[in-house]
>>> print(open('coords-v7.pdb').read())   # PDB, C-alpha atoms (C1' of nucleotides)
ATOM      1  CA  MET A 286      78.983 112.719 -48.294
ATOM      2  CA  SER A 287      78.825 112.948 -44.539
ATOM      3  CA  SER A 288      79.936 116.580 -44.680
ATOM      4  CA  THR A 289      76.891 117.696 -46.646
ATOM      5  CA  LYS A 290      74.988 118.722 -43.549
ATOM      6  CA  ILE A 291      77.810 120.912 -42.382
ATOM      7  CA  GLU A 292      78.210 122.661 -45.717
ATOM      8  CA  ARG A 293      74.500 123.233 -45.764
ATOM      9  CA  ARG A 294      74.692 125.229 -42.575
ATOM     10  CA  VAL A 295      77.759 127.144 -43.664
ATOM     11  CA  PHE A 296      76.021 128.573 -46.680
ATOM     12  CA  LEU A 297      72.792 129.573 -45.048
ATOM     13  CA  LYS A 298      74.116 132.690 -43.401
ATOM     14  CA  ASN A 299      73.530 135.417 -45.866
ATOM     15  CA  GLU A 300      75.537 138.065 -44.041
ATOM     16  CA  GLU A 301      79.155 138.016 -45.119
ATOM     17  CA  CYS A 302      78.469 134.810 -47.003
ATOM     18  CA  PRO A 303      81.402 134.239 -49.373
ATOM     19  CA  ILE A 304      79.166 132.893 -52.081
ATOM     20  CA  ARG A 305      76.816 135.834 -52.062
ATOM     21  CA  ASN A 306      79.820 138.092 -51.912
ATOM     22  CA  VAL A 307      81.111 136.697 -55.178
ATOM     23  CA  VAL A 308      77.901 135.851 -56.954
ATOM     24  CA  ALA A 309      76.305 139.217 -56.230
ATOM     25  CA  GLN A 310      79.137 140.816 -58.173
ATOM     26  CA  ILE A 311      78.951 138.356 -61.036
ATOM     27  CA  GLY A 312      75.173 138.251 -61.158
ATOM     28  CA  ASP A 313      74.606 141.740 -62.429
ATOM     29  CA  LYS A 314      73.801 142.602 -65.985
ATOM     30  CA  TRP A 315      77.279 143.017 -67.472
ATOM     31  CA  SER A 316      80.037 141.464 -65.353
ATOM     32  CA  ILE A 317      80.115 138.038 -66.934
ATOM     33  CA  LEU A 318      79.961 139.489 -70.405
ATOM     34  CA  ILE A 319      82.977 141.667 -69.656
ATOM     35  CA  LEU A 320      84.807 138.843 -67.933
ATOM     36  CA  PHE A 321      84.452 136.600 -70.940
ATOM     37  CA  SER A 322      85.346 139.432 -73.265
ATOM     38  CA  LEU A 323      88.726 139.579 -71.602
ATOM     39  CA  VAL A 324      89.641 135.883 -71.478
ATOM     40  CA  ASP A 325      91.503 136.080 -74.776
ATOM     41  CA  GLY A 326      93.720 138.902 -73.604
ATOM     42  CA  PRO A 327      93.819 142.616 -72.812
ATOM     43  CA  ASP A 328      91.450 145.004 -74.484
ATOM     44  CA  ARG A 329      90.839 148.726 -74.619
ATOM     45  CA  PHE A 330      87.830 150.646 -73.351
ATOM     46  CA  ASN A 331      86.268 151.493 -76.662
ATOM     47  CA  ALA A 332      87.004 148.063 -78.094
ATOM     48  CA  LEU A 333      85.073 146.476 -75.228
ATOM     49  CA  LYS A 334      82.336 149.007 -75.641
ATOM     50  CA  SER A 335      81.734 148.210 -79.281
ATOM     51  CA  ARG A 336      82.135 144.478 -78.789
ATOM     52  CA  ILE A 337      79.705 144.188 -75.917
ATOM     53  CA  GLN A 338      76.495 144.915 -77.709
ATOM     54  CA  GLY A 339      74.182 147.334 -75.954
ATOM     55  CA  ILE A 340      76.354 148.409 -73.049
ATOM     56  CA  SER A 341      76.513 152.105 -72.268
ATOM     57  CA  GLN A 342      79.686 154.007 -71.500
ATOM     58  CA  ARG A 343      78.507 154.559 -67.979
ATOM     59  CA  MET A 344      77.771 150.898 -67.231
ATOM     60  CA  LEU A 345      81.016 149.743 -68.817
ATOM     61  CA  THR A 346      83.040 152.123 -66.654
ATOM     62  CA  GLN A 347      81.116 151.230 -63.544
ATOM     63  CA  THR A 348      81.273 147.471 -64.041
ATOM     64  CA  LEU A 349      84.974 147.592 -64.905
ATOM     65  CA  ARG A 350      85.623 149.566 -61.720
ATOM     66  CA  ASP A 351      83.804 146.967 -59.656
ATOM     67  CA  LEU A 352      85.727 144.150 -61.293
ATOM     68  CA  GLU A 353      88.957 146.030 -60.679
ATOM     69  CA  ARG A 354      87.975 146.616 -57.070
ATOM     70  CA  ASP A 355      87.465 142.911 -56.469
ATOM     71  CA  GLY A 356      90.813 142.159 -58.075
ATOM     72  CA  TYR A 357      89.534 140.409 -61.213
ATOM     73  CA  VAL A 358      90.685 143.054 -63.661
ATOM     74  CA  LEU A 359      93.843 145.111 -63.987
ATOM     75  CA  ARG A 360      93.601 148.607 -65.452
ATOM     76  CA  THR A 361      96.635 150.112 -67.141
ATOM     77  CA  VAL A 362      96.816 153.688 -68.388
ATOM     78  CA  TYR A 363      99.264 154.560 -71.157
ATOM     79  CA  PRO A 364     100.008 158.268 -71.011
ATOM     80  CA  GLN A 365      99.609 158.942 -74.703
ATOM     81  CA  VAL A 366      97.444 161.541 -76.331
ATOM     82  CA  PRO A 367      94.675 160.714 -76.445
ATOM     83  CA  VAL A 368      95.138 158.461 -73.486
ATOM     84  CA  LYS A 369      95.063 154.687 -73.958
ATOM     85  CA  VAL A 370      93.660 152.421 -71.280
ATOM     86  CA  GLU A 371      93.918 148.661 -71.296
ATOM     87  CA  TYR A 372      91.995 146.176 -69.231
ATOM     88  CA  GLU A 373      93.081 142.617 -68.622
ATOM     89  CA  LEU A 374      92.191 139.737 -66.350
ATOM     90  CA  THR A 375      94.327 139.084 -63.316
ATOM     91  CA  GLU A 376      95.178 135.603 -62.126
ATOM     92  CA  LEU A 377      92.155 135.835 -59.823
ATOM     93  CA  GLY A 378      89.978 136.943 -62.716
ATOM     94  CA  ARG A 379      91.071 133.976 -64.808
ATOM     95  CA  GLY A 380      90.298 131.717 -61.860
ATOM     96  CA  LEU A 381      86.822 133.166 -61.597
ATOM     97  CA  ALA A 382      86.245 132.807 -65.329
ATOM     98  CA  ALA A 383      87.326 129.174 -65.159
ATOM     99  CA  SER A 384      85.024 128.516 -62.195
ATOM    100  CA  VAL A 385      82.064 130.129 -63.800
ATOM    101  CA  TRP A 386      82.695 128.298 -67.037
ATOM    102  CA  LYS A 387      80.917 125.096 -65.974
ATOM    103  CA  LEU A 388      77.816 127.049 -65.081
ATOM    104  CA  VAL A 389      78.007 128.947 -68.335
ATOM    105  CA  SER A 390      78.203 125.811 -70.442
ATOM    106  CA  TRP A 391      75.459 124.155 -68.405
ATOM    107  CA  ALA A 392      73.288 127.214 -68.977
ATOM    108  CA  ASP A 393      74.060 127.085 -72.660
ATOM    109  CA  SER A 394      72.938 123.488 -72.998
ATOM    110  CA  HIS A 395      69.837 123.739 -70.801
ATOM    111  CA  HIS A 396      68.330 127.076 -71.656
ATOM    112  CA  GLU A 397      65.766 125.547 -73.965
ATOM    113  CA  GLU A 398      64.484 123.368 -71.171
ATOM    114  CA  ILE A 399      64.311 126.372 -68.864
ATOM    115  CA  ARG A 400      62.584 128.498 -71.459
ATOM    116  CA  SER A 401      59.900 125.902 -72.041
ATOM    117  CA  SER A 402      59.403 125.418 -68.313
ATOM    118  CA  ARG A 403      58.834 129.156 -68.011
ATOM    119  CA  ALA A 404      56.386 129.215 -70.875
ATOM    120  CA  HIS A 405      54.484 126.281 -69.394
ATOM    121  CA  TYR A 406      54.355 127.863 -65.939
ATOM    122  CA  ASP A 407      53.135 131.185 -67.317
ATOM    123  CA  GLN A 408      50.396 129.440 -69.239
ATOM    124  CA  GLN A 409      49.090 127.724 -66.082
ATOM    125  CA  GLN A 410      48.821 131.027 -64.240
ATOM    126  CA  VAL A 411      46.566 132.433 -66.988
TER
ATOM    127  CA  MET B 111      91.784 126.424 -78.140
ATOM    128  CA  SER B 112      91.062 127.594 -81.638
ATOM    129  CA  SER B 113      87.364 127.857 -80.805
ATOM    130  CA  THR B 114      87.868 130.510 -78.177
ATOM    131  CA  LYS B 115      87.256 133.362 -80.597
ATOM    132  CA  ILE B 116      83.957 131.874 -81.679
ATOM    133  CA  GLU B 117      82.712 131.321 -78.162
ATOM    134  CA  ARG B 118      83.724 134.849 -77.372
ATOM    135  CA  ARG B 119      81.393 136.195 -79.989
ATOM    136  CA  VAL B 120      78.570 133.897 -78.968
ATOM    137  CA  PHE B 121      78.465 135.268 -75.455
ATOM    138  CA  LEU B 122      78.608 138.937 -76.276
ATOM    139  CA  LYS B 123      75.014 139.299 -77.305
ATOM    140  CA  ASN B 124      73.134 140.190 -74.213
ATOM    141  CA  GLU B 125      69.667 139.842 -75.695
ATOM    142  CA  GLU B 126      68.340 136.347 -75.205
ATOM    143  CA  CYS B 127      71.772 135.282 -74.032
ATOM    144  CA  PRO B 128      71.409 131.867 -72.371
ATOM    145  CA  ILE B 129      73.994 132.683 -69.750
ATOM    146  CA  ARG B 130      72.351 135.886 -68.657
ATOM    147  CA  ASN B 131      69.040 134.092 -68.738
ATOM    148  CA  VAL B 132      70.256 131.609 -66.171
ATOM    149  CA  VAL B 133      72.658 133.733 -64.168
ATOM    150  CA  ALA B 134      70.203 136.592 -63.768
ATOM    151  CA  GLN B 135      67.898 134.181 -61.961
ATOM    152  CA  ILE B 136      70.632 132.743 -59.794
ATOM    153  CA  GLY B 137      72.340 136.054 -59.142
ATOM    154  CA  ASP B 138      69.673 137.566 -56.950
ATOM    155  CA  LYS B 139      69.822 137.739 -53.211
ATOM    156  CA  TRP B 140      68.259 134.436 -52.222
ATOM    157  CA  SER B 141      68.148 131.874 -55.063
ATOM    158  CA  ILE B 142      71.451 130.142 -54.417
ATOM    159  CA  LEU B 143      70.778 129.990 -50.714
ATOM    160  CA  ILE B 144      67.453 128.285 -51.367
ATOM    161  CA  LEU B 145      68.936 126.000 -53.997
ATOM    162  CA  PHE B 146      71.595 124.752 -51.616
ATOM    163  CA  SER B 147      69.074 124.456 -48.822
ATOM    164  CA  LEU B 148      67.264 121.890 -50.906
ATOM    165  CA  VAL B 149      70.171 119.728 -52.073
ATOM    166  CA  ASP B 150      69.780 117.333 -49.162
ATOM    167  CA  GLY B 151      66.146 116.685 -49.935
ATOM    168  CA  PRO B 152      62.637 118.152 -49.795
ATOM    169  CA  ASP B 153      61.773 120.736 -47.232
ATOM    170  CA  ARG B 154      58.726 122.647 -46.088
ATOM    171  CA  PHE B 155      58.047 126.352 -46.358
ATOM    172  CA  ASN B 156      58.491 127.256 -42.733
ATOM    173  CA  ALA B 157      61.499 124.985 -42.337
ATOM    174  CA  LEU B 158      63.219 126.832 -45.169
ATOM    175  CA  LYS B 159      62.169 130.130 -43.715
ATOM    176  CA  SER B 160      63.726 129.478 -40.352
ATOM    177  CA  ARG B 161      66.820 127.874 -41.800
ATOM    178  CA  ILE B 162      67.605 130.664 -44.241
ATOM    179  CA  GLN B 163      68.559 133.373 -41.850
ATOM    180  CA  GLY B 164      67.063 136.773 -42.575
ATOM    181  CA  ILE B 165      64.726 135.903 -45.418
ATOM    182  CA  SER B 166      61.201 137.287 -45.236
ATOM    183  CA  GLN B 167      58.064 135.342 -46.028
ATOM    184  CA  ARG B 168      57.505 137.500 -49.057
ATOM    185  CA  MET B 169      60.962 136.957 -50.556
ATOM    186  CA  LEU B 170      60.904 133.235 -49.836
ATOM    187  CA  THR B 171      57.581 132.807 -51.628
ATOM    188  CA  GLN B 172      58.649 134.972 -54.509
ATOM    189  CA  THR B 173      62.033 133.313 -55.014
ATOM    190  CA  LEU B 174      60.542 129.818 -54.724
ATOM    191  CA  ARG B 175      57.971 130.749 -57.384
ATOM    192  CA  ASP B 176      60.721 131.931 -59.716
ATOM    193  CA  LEU B 177      62.716 128.752 -59.148
ATOM    194  CA  GLU B 178      59.584 126.700 -59.768
ATOM    195  CA  ARG B 179      58.870 128.668 -62.914
ATOM    196  CA  ASP B 180      62.309 127.908 -64.333
ATOM    197  CA  GLY B 181      61.859 124.241 -63.516
ATOM    198  CA  TYR B 182      64.463 123.982 -60.757
ATOM    199  CA  VAL B 183      62.021 123.340 -57.939
ATOM    200  CA  LEU B 184      58.931 121.213 -57.610
ATOM    201  CA  ARG B 185      56.145 122.349 -55.296
ATOM    202  CA  THR B 186      53.817 119.760 -53.779
ATOM    203  CA  VAL B 187      50.747 120.612 -51.735
ATOM    204  CA  TYR B 188      49.427 118.066 -49.268
ATOM    205  CA  PRO B 189      45.767 118.803 -48.583
ATOM    206  CA  GLN B 190      45.937 118.486 -44.838
ATOM    207  CA  VAL B 191      44.775 120.971 -42.274
ATOM    208  CA  PRO B 192      46.703 123.131 -41.939
ATOM    209  CA  VAL B 193      48.036 122.596 -45.411
ATOM    210  CA  LYS B 194      51.517 121.166 -45.883
ATOM    211  CA  VAL B 195      53.670 122.256 -48.786
ATOM    212  CA  GLU B 196      56.928 120.644 -49.755
ATOM    213  CA  TYR B 197      59.599 121.973 -52.037
ATOM    214  CA  GLU B 198      62.243 119.831 -53.680
ATOM    215  CA  LEU B 199      64.815 120.115 -56.423
ATOM    216  CA  THR B 200      64.005 118.686 -59.814
ATOM    217  CA  GLU B 201      66.564 116.913 -61.964
ATOM    218  CA  LEU B 202      67.223 120.258 -63.629
ATOM    219  CA  GLY B 203      67.625 121.926 -60.263
ATOM    220  CA  ARG B 204      70.159 119.319 -59.164
ATOM    221  CA  GLY B 205      72.034 119.899 -62.419
ATOM    222  CA  LEU B 206      72.120 123.605 -61.772
ATOM    223  CA  ALA B 207      73.296 123.073 -58.218
ATOM    224  CA  ALA B 208      76.067 120.805 -59.448
ATOM    225  CA  SER B 209      77.119 123.325 -62.067
ATOM    226  CA  VAL B 210      77.173 126.191 -59.657
ATOM    227  CA  TRP B 211      79.094 124.148 -57.139
ATOM    228  CA  LYS B 212      82.512 124.799 -58.644
ATOM    229  CA  LEU B 213      81.909 128.526 -58.510
ATOM    230  CA  VAL B 214      80.654 128.243 -54.961
ATOM    231  CA  SER B 215      83.720 126.376 -53.767
ATOM    232  CA  TRP B 216      86.017 128.740 -55.663
ATOM    233  CA  ALA B 217      84.274 131.668 -54.003
ATOM    234  CA  ASP B 218      84.657 130.000 -50.650
ATOM    235  CA  SER B 219      88.406 129.584 -51.048
ATOM    236  CA  HIS B 220      89.095 133.011 -52.557
ATOM    237  CA  HIS B 221      86.859 135.368 -50.672
ATOM    238  CA  GLU B 222      89.670 136.538 -48.414
ATOM    239  CA  GLU B 223      91.704 137.557 -51.423
ATOM    240  CA  ILE B 224      88.718 139.410 -52.852
ATOM    241  CA  ARG B 225      87.964 141.085 -49.561
ATOM    242  CA  SER B 226      91.476 142.380 -49.213
ATOM    243  CA  SER B 227      91.518 143.576 -52.810
ATOM    244  CA  ARG B 228      88.363 145.548 -52.097
ATOM    245  CA  ALA B 229      89.784 147.048 -48.927
ATOM    246  CA  HIS B 230      92.965 148.032 -50.741
ATOM    247  CA  TYR B 231      91.061 149.592 -53.630
ATOM    248  CA  ASP B 232      88.799 151.558 -51.299
ATOM    249  CA  GLN B 233      91.798 152.886 -49.443
ATOM    250  CA  GLN B 234      93.368 154.212 -52.653
ATOM    251  CA  GLN B 235      90.214 156.142 -53.540
ATOM    252  CA  VAL B 236      90.386 157.934 -50.155
TER
ATOM    253  C1'  DG C   4      33.721 131.989 -30.134
ATOM    254  C1'  DT C   5      38.522 132.653 -29.772
ATOM    255  C1'  DA C   6      43.218 131.185 -30.643
ATOM    256  C1'  DT C   7      46.378 128.521 -33.408
ATOM    257  C1'  DT C   8      48.787 126.773 -37.417
ATOM    258  C1'  DA C   9      50.914 126.644 -42.280
ATOM    259  C1'  DA C  10      51.467 128.935 -46.058
ATOM    260  C1'  DG C  11      50.807 132.375 -48.040
ATOM    261  C1'  DT C  12      48.963 137.587 -50.081
ATOM    262  C1'  DT C  13      48.623 142.656 -50.154
ATOM    263  C1'  DA C  14      49.862 147.324 -49.502
ATOM    264  C1'  DC C  15      53.287 150.430 -48.960
ATOM    265  C1'  DC C  16      57.784 152.186 -48.971
ATOM    266  C1'  DT C  17      63.029 152.491 -49.684
ATOM    267  C1'  DT C  18      67.126 151.237 -52.103
ATOM    268  C1'  DT C  19      69.564 149.697 -55.948
ATOM    269  C1'  DT C  20      70.197 149.133 -60.818
ATOM    270  C1'  DG C  21      70.377 150.661 -65.168
ATOM    271  C1'  DA C  22      69.399 153.821 -69.122
ATOM    272  C1'  DT C  23      69.955 158.374 -71.827
ATOM    273  C1'  DA C  24      72.180 162.146 -72.879
ATOM    274  C1'  DA C  25      75.067 165.884 -72.290
ATOM    275  C1'  DC C  26      79.462 167.506 -70.573
ATOM    276  C1'  DT C  27      84.821 167.222 -69.556
ATOM    277  C1'  DC C  28      89.868 167.137 -70.511
ATOM    278  C1'  DA C  29      94.182 167.303 -72.911
ATOM    279  C1'  DT C  30      96.295 167.740 -77.129
ATOM    280  C1'  DG C  31      97.278 167.716 -81.949
ATOM    281  C1'  DG C  32      95.771 168.603 -86.680
ATOM    282  C1'  DA C  33      93.121 171.460 -90.588
TER
ATOM    283  C1'  DT D 266      89.821 178.813 -84.116
ATOM    284  C1'  DC D 267      87.503 174.782 -84.212
ATOM    285  C1'  DC D 268      87.178 169.908 -84.431
ATOM    286  C1'  DA D 269      88.378 165.117 -83.375
ATOM    287  C1'  DT D 270      89.858 161.467 -80.204
ATOM    288  C1'  DG D 271      89.779 158.154 -76.015
ATOM    289  C1'  DA D 272      88.160 157.574 -71.864
ATOM    290  C1'  DG D 273      85.678 158.870 -69.091
ATOM    291  C1'  DT D 274      82.027 161.947 -65.499
ATOM    292  C1'  DT D 275      77.604 164.053 -64.145
ATOM    293  C1'  DA D 276      72.755 164.757 -63.944
ATOM    294  C1'  DT D 277      68.435 163.027 -64.284
ATOM    295  C1'  DC D 278      65.004 159.627 -64.431
ATOM    296  C1'  DA D 279      62.471 155.080 -64.677
ATOM    297  C1'  DA D 280      62.278 150.340 -63.361
ATOM    298  C1'  DA D 281      63.305 146.471 -60.527
ATOM    299  C1'  DA D 282      64.499 144.453 -56.191
ATOM    300  C1'  DG D 283      63.785 144.004 -51.611
ATOM    301  C1'  DG D 284      61.996 145.084 -46.818
ATOM    302  C1'  DT D 285      58.092 145.608 -43.112
ATOM    303  C1'  DA D 286      53.908 144.747 -41.449
ATOM    304  C1'  DA D 287      49.274 143.588 -41.501
ATOM    305  C1'  DC D 288      45.765 140.628 -43.453
ATOM    306  C1'  DT D 289      43.830 135.883 -45.223
ATOM    307  C1'  DT D 290      42.072 131.041 -45.134
ATOM    308  C1'  DA D 291      40.366 126.707 -43.380
ATOM    309  C1'  DA D 292      39.814 123.654 -39.841
ATOM    310  C1'  DT D 293      40.516 122.078 -35.443
ATOM    311  C1'  DA D 294      41.500 122.413 -30.346
ATOM    312  C1'  DC D 295      40.320 124.826 -26.137
TER
END
>>> encode(input="coords-v7.pdb", output="structure tokens")
Amino acid sequence: MSSTKIERRVFLKNEECPIRNVVAQIGDKWSILILFSLVDGPDRFNALKSRIQGISQRMLTQTLRDLERDGYVLRTVYPQVPVKVEYELTELGRGLAASVWKLVSWADSHHEEIRSSRAHYDQQQV
Amino acid sequence: MSSTKIERRVFLKNEECPIRNVVAQIGDKWSILILFSLVDGPDRFNALKSRIQGISQRMLTQTLRDLERDGYVLRTVYPQVPVKVEYELTELGRGLAASVWKLVSWADSHHEEIRSSRAHYDQQQV
DNA sequence: GTATTAAGTTACCTTTTGATAACTCATGGA
DNA sequence: TCCATGAGTTATCAAAAGGTAACTTAATAC
């Protein structure tokens, strides 16, 4: 309670802000979708691609690389022919998924309210 | 446990996906900063501006409008001279802040790990 | 009649994000 | 010889996000 003021100041510095650092990664178009696609276990590139509706090869590669870079995803290449590549969540990735879960379920149960607020606002602005 | 598979499918449709709908708003450069700036109570435009380091007038206005549009923030104009405008979180906005809190605190306690993963990855790529 | 204040708006420009589509690479099969 | 496969890369382009700086408005104080 009494620490609220302090926390408030901590989070107001945008530069190197840990929250922005994490949320900026997660807040893009595909990261969360990929993250939640992997919570049940490892999956292969093309399996992800066909399961995540609408994602292009390029964006899947790119987003997976970013997730790997941050340590959320582990990439394993099996030297077969043709090559097989598996992606899976790391411990850190599972932690992130768990932390984002509350927001996700909140979003799921409030999106109607948000939608209607948007519609109402847009109507006012003519 | 047994519902995991179902949830998995639910979240893979990007179009009209409630999660993306919410997270896309929150995931931009300033929304979370503003949201957490308002958790202690109402604040005025210029107070926010000087407290949120680095934000421009334009981005503050724009982000506040988007938050208002989604129903997270209430804007009140006091017809004084010069005019006074106060922004405060709505019930919905407080709910969002609470839901995002777990992610925020997770990010706060894991950003070193993420940082070092990034540095390590970047080193590998030469 | 000029400056000040709060809360913006507008114009202009750069950077980042994301999309489409074509190309690569190694190998094994028809 | 040519095609298929899995997992990408590259080139090109359009759209969205974000930054800077100057302008606005209304009333009041100097």
>>> resolve_selection(input="coords-v7.pdb", expression="the PyMOL selection byres ((chain D) within 10 of (chain A))", output="list in words")
DT270, DG271, DA272, DG273 and DT274 of chain D
>>> interface_residues(input="coords-v7.pdb", of="chain C", to="chain A", cutoff="12 Å", atoms="all atoms listed in the file", output="ChimeraX atom specification")
/C:19-24,28-31
>>> closest_residue(input="coords-v7.pdb", among="B:Ser160, B:Gln172, B:Ser141, B:Ser227", to="chain A", atoms="only C-alpha atoms")
B:Ser227
>>> closest_residue(input="coords-v7.pdb", among="B:Leu145, B:Ile136, B:Leu170, B:Ile129", to="His395 of chain A", atoms="all atoms listed in the file")
B:Ile129
>>> resolve_selection(input="coords-v7.pdb", expression="the PyMOL selection byres ((chain B) within 8 of (chain A))", output="JSON, numbers by chain")
{"B": [114, 115, 118, 121, 122, 123, 124, 128, 129, 130, 131, 132, 133, 134, 136, 137, 138, 139, 143, 146, 147, 150, 161, 162, 163, 164, 179, 180, 181, 206, 209, 210, 212, 213, 214, 216, 217, 218, 221, 224, 225, 227, 228, 231, 232]}
>>> write_last_selection(input="coords-v7.pdb", atoms="C-alpha atoms", output="PDB file, in the frame of the given file")
ATOM      1  CA  THR B 114      87.868 130.510 -78.177  1.00  0.00           C
ATOM      2  CA  LYS B 115      87.256 133.362 -80.597  1.00  0.00           C
ATOM      3  CA  ARG B 118      83.724 134.849 -77.372  1.00  0.00           C
ATOM      4  CA  PHE B 121      78.465 135.268 -75.455  1.00  0.00           C
ATOM      5  CA  LEU B 122      78.608 138.937 -76.276  1.00  0.00           C
ATOM      6  CA  LYS B 123      75.014 139.299 -77.305  1.00  0.00           C
ATOM      7  CA  ASN B 124      73.134 140.190 -74.213  1.00  0.00           C
ATOM      8  CA  PRO B 128      71.409 131.867 -72.371  1.00  0.00           C
ATOM      9  CA  ILE B 129      73.994 132.683 -69.750  1.00  0.00           C
ATOM     10  CA  ARG B 130      72.351 135.886 -68.657  1.00  0.00           C
ATOM     11  CA  ASN B 131      69.040 134.092 -68.738  1.00  0.00           C
ATOM     12  CA  VAL B 132      70.256 131.609 -66.171  1.00  0.00           C
ATOM     13  CA  VAL B 133      72.658 133.733 -64.168  1.00  0.00           C
ATOM     14  CA  ALA B 134      70.203 136.592 -63.768  1.00  0.00           C
ATOM     15  CA  ILE B 136      70.632 132.743 -59.794  1.00  0.00           C
ATOM     16  CA  GLY B 137      72.340 136.054 -59.142  1.00  0.00           C
ATOM     17  CA  ASP B 138      69.673 137.566 -56.950  1.00  0.00           C
ATOM     18  CA  LYS B 139      69.822 137.739 -53.211  1.00  0.00           C
ATOM     19  CA  LEU B 143      70.778 129.990 -50.714  1.00  0.00           C
ATOM     20  CA  PHE B 146      71.595 124.752 -51.616  1.00  0.00           C
ATOM     21  CA  SER B 147      69.074 124.456 -48.822  1.00  0.00           C
ATOM     22  CA  ASP B 150      69.780 117.333 -49.162  1.00  0.00           C
ATOM     23  CA  ARG B 161      66.820 127.874 -41.800  1.00  0.00           C
ATOM     24  CA  ILE B 162      67.605 130.664 -44.241  1.00  0.00           C
ATOM     25  CA  GLN B 163      68.559 133.373 -41.850  1.00  0.00           C
ATOM     26  CA  GLY B 164      67.063 136.773 -42.575  1.00  0.00           C
ATOM     27  CA  ARG B 179      58.870 128.668 -62.914  1.00  0.00           C
ATOM     28  CA  ASP B 180      62.309 127.908 -64.333  1.00  0.00           C
ATOM     29  CA  GLY B 181      61.859 124.241 -63.516  1.00  0.00           C
ATOM     30  CA  LEU B 206      72.120 123.605 -61.772  1.00  0.00           C
ATOM     31  CA  SER B 209      77.119 123.325 -62.067  1.00  0.00           C
ATOM     32  CA  VAL B 210      77.173 126.191 -59.657  1.00  0.00           C
ATOM     33  CA  LYS B 212      82.512 124.799 -58.644  1.00  0.00           C
ATOM     34  CA  LEU B 213      81.909 128.526 -58.510  1.00  0.00           C
ATOM     35  CA  VAL B 214      80.654 128.243 -54.961  1.00  0.00           C
ATOM     36  CA  TRP B 216      86.017 128.740 -55.663  1.00  0.00           C
ATOM     37  CA  ALA B 217      84.274 131.668 -54.003  1.00  0.00           C
ATOM     38  CA  ASP B 218      84.657 130.000 -50.650  1.00  0.00           C
ATOM     39  CA  HIS B 221      86.859 135.368 -50.672  1.00  0.00           C
ATOM     40  CA  ILE B 224      88.718 139.410 -52.852  1.00  0.00           C
ATOM     41  CA  ARG B 225      87.964 141.085 -49.561  1.00  0.00           C
ATOM     42  CA  SER B 227      91.518 143.576 -52.810  1.00  0.00           C
ATOM     43  CA  ARG B 228      88.363 145.548 -52.097  1.00  0.00           C
ATOM     44  CA  TYR B 231      91.061 149.592 -53.630  1.00  0.00           C
ATOM     45  CA  ASP B 232      88.799 151.558 -51.299  1.00  0.00           C
TER      46      ASP B 232
END
>>> atom_distance(input="coords-v7.pdb", atom1="atom CA of Glu376 of chain A", atom2="atom CA of Val358 of chain A")
8.8 Å
>>> residues_near_point(input="coords-v7.pdb", point="(45.3, 140.7, -52.1)", cutoff="10 Å", atoms="all atoms listed in the file", output="list in words")
DT12, DT13 and DA14 of chain C; DC288 and DT289 of chain D
>>> resolve_selection(input="coords-v7.pdb", expression="the PyMOL selection byres ((chain D and resi 293) around 10)", output="list in words")
Val191 and Pro192 of chain B; DT7 and DT8 of chain C; DA291, DA292, DA294 and DC295 of chain D
>>> atom_distance(input="coords-v7.pdb", atom1="atom CA of Leu374 of chain A", atom2="atom CA of Pro327 of chain A")
7.3 Å
>>> atom_distance(input="coords-v7.pdb", atom1="atom CA of Glu198 of chain B", atom2="atom C1' of DA10 of chain C")
16.0 Å
>>> residues_around(input="coords-v7.pdb", residues="DT17 of chain C", least_positions_apart="6", cutoff="12 Å", atoms="all atoms listed in the file", output="short mmCIF file (atom, residue, chain, number, x, y, z; two decimals) with C-alpha atoms (C1' of nucleotides), in the frame of the given file")
data_model
loop_
_atom_site.label_atom_id
_atom_site.label_comp_id
_atom_site.auth_asym_id
_atom_site.auth_seq_id
_atom_site.Cartn_x
_atom_site.Cartn_y
_atom_site.Cartn_z
"C1'" DA D 282 64.50 144.45 -56.19
"C1'" DG D 283 63.78 144.00 -51.61
"C1'" DG D 284 62.00 145.08 -46.82
"C1'" DT D 285 58.09 145.61 -43.11
#
